[in-house]
Amino acid sequence: MAYVLICLISYLLGCSNLAAYLAKWKHVDLKSRGSGNHGASNAAIVLGWRAGVATALHDIGKAALAVALARWLFPGLAYGPEAAGVACVLGHVFPVFLKFQGGKGFASYLGVTLMLNWKLALVLMVAVGLITLTADYIVFGTLTTVCVVPVYQGIINHSLMAALILAAASAVILWKHWENLRKIAAGTEIGLRGTLSKKHRIEKEKA
């Protein structure tokens, strides 16, 4: 019963979507713009970098809160924090209030990692930045993170169950990014430098 309760609370937390709130406030349909999802990256593309940063912080924060609540409400519950974190990620990706069409889950996954092992999370954030700058695609940093975290839990922390629980969220995020990988293989995915260059051209034309 404890697992059901904490997972339900965490899922509902995950359903909170700042990108959708900001889009509604600005009368913008995110589903028909940019990458077509309610995540931080699309918020940045469609609504501007401030909205993107705010959305990313919100997504990280709600996942961190879910893990913290699991620890506070059920301090002795084995794997409660991991289950809560995964439920929050699933709530973000499949929010009931947005017809199960949310974001891709990476920021929330990072929030979970931050609460479970903040040192690992900081290393991964640096790695994501370096990988993105080098490869020009943030998806590679994302995939690195969601693969490393379960492996770290299983091998370094010797917790196979925690690894399996986190791997469930990793699998969903990998699936959500499959289209990005397909576009990269086809040469049609716009990288970070291309996105910035496009924004610069648009701003220059407006000026």
# chains A, B, ... in the order shown; residues from 1 in each chain; ligands from 1
call {"tool": "residues_around", "arguments": {"residues": "Gln153 of chain A", "least_positions_apart": "6", "cutoff": "10 Å", "atoms": "only C-alpha atoms", "output": "ChimeraX atom specification"}}
result
/A:116-117,159-164,166-167
call {"tool": "select_by_dssp", "arguments": {"residues": "segment 22-198 of chain A", "states": "helix (DSSP H, G or I)", "output": "VMD selection string"}}
result
chain A and resid 22 to 25 30 to 32 40 to 47 49 to 73 80 to 93 96 to 98 106 to 116 118 to 135 138 to 156 160 to 176 178 to 186 192 to 198
call {"tool": "closest_atom_pairs", "arguments": {"of": "segment 129-182 of chain A", "to": "segment 30-51 of chain A", "cutoff": "12 Å", "atoms": "only C-alpha atoms", "output": "tab-separated table"}}
result
residue	atom	partner	partner_atom	distance
A:Ile138	CA	A:Ser41	CA	9.9
A:Val139	CA	A:Ser41	CA	10.9
A:Lys176	CA	A:Asn37	CA	10.4
A:His177	CA	A:Ser35	CA	11.3
A:Glu179	CA	A:Ser35	CA	10.4
A:Asn180	CA	A:Ser35	CA	9.8
call {"tool": "write_last_selection", "arguments": {"atoms": "C-alpha atoms", "output": "tab-separated table (two decimals), in the first residue's frame"}}
result
chain	number	residue	atom	x	y	z
A	138	ILE	CA	22.03	16.90	-26.58
A	139	VAL	CA	20.39	13.51	-27.17
A	176	LYS	CA	10.99	8.85	-26.48
A	177	HIS	CA	14.32	9.85	-28.05
A	179	GLU	CA	12.94	9.69	-33.31
A	180	ASN	CA	15.88	12.00	-32.58
call {"tool": "atom_distance", "arguments": {"atom1": "atom CA of Leu8 of chain A", "atom2": "atom CA of Ala84 of chain A"}}
result
8.4 Å
call {"tool": "closest_residue", "arguments": {"among": "A:Pro95, A:Gly61, A:Gly129, A:Gly111", "to": "Asn17 of chain A", "atoms": "only C-alpha atoms"}}
result
A:Pro95
call {"tool": "atom_distance", "arguments": {"atom1": "atom CA of Ala121 of chain A", "atom2": "atom CA of Leu22 of chain A"}}
result
27.4 Å
call {"tool": "atom_distance", "arguments": {"atom1": "atom CA of Gly141 of chain A", "atom2": "atom CA of Ile173 of chain A"}}
result
12.3 Å
call {"tool": "residues_around", "arguments": {"residues": "Cys7 of chain A", "least_positions_apart": "2", "cutoff": "8 Å", "atoms": "only C-alpha atoms", "output": "list in words"}}
result
Tyr3, Val4, Leu5, Ile9, Ser10, Tyr11, Ala83, Ala84, Ala87 and Cys88 of chain A
call {"tool": "write_last_selection", "arguments": {"atoms": "C-alpha atoms", "output": "short mmCIF file (atom, residue, chain, number, x, y, z; two decimals), in the first residue's frame"}}
result
data_model
loop_
_atom_site.label_atom_id
_atom_site.label_comp_id
_atom_site.auth_asym_id
_atom_site.auth_seq_id
_atom_site.Cartn_x
_atom_site.Cartn_y
_atom_site.Cartn_z
CA TYR A 3 4.32 1.85 -2.71
CA VAL A 4 0.95 2.54 -4.33
CA LEU A 5 0.50 5.74 -2.33
CA ILE A 9 1.63 11.09 -5.32
CA SER A 10 4.82 11.10 -7.40
CA TYR A 11 2.96 10.46 -10.65
CA ALA A 83 10.01 4.02 -7.21
CA ALA A 84 8.84 7.57 -6.48
CA ALA A 87 6.67 7.38 -11.09
CA CYS A 88 7.38 11.11 -11.35
#
call {"tool": "residues_around", "arguments": {"residues": "segment 67-77 of chain A", "least_positions_apart": "5", "cutoff": "7 Å", "atoms": "only C-alpha atoms", "output": "VMD selection string"}}
result
chain A and resid 6 84 to 85 112 115
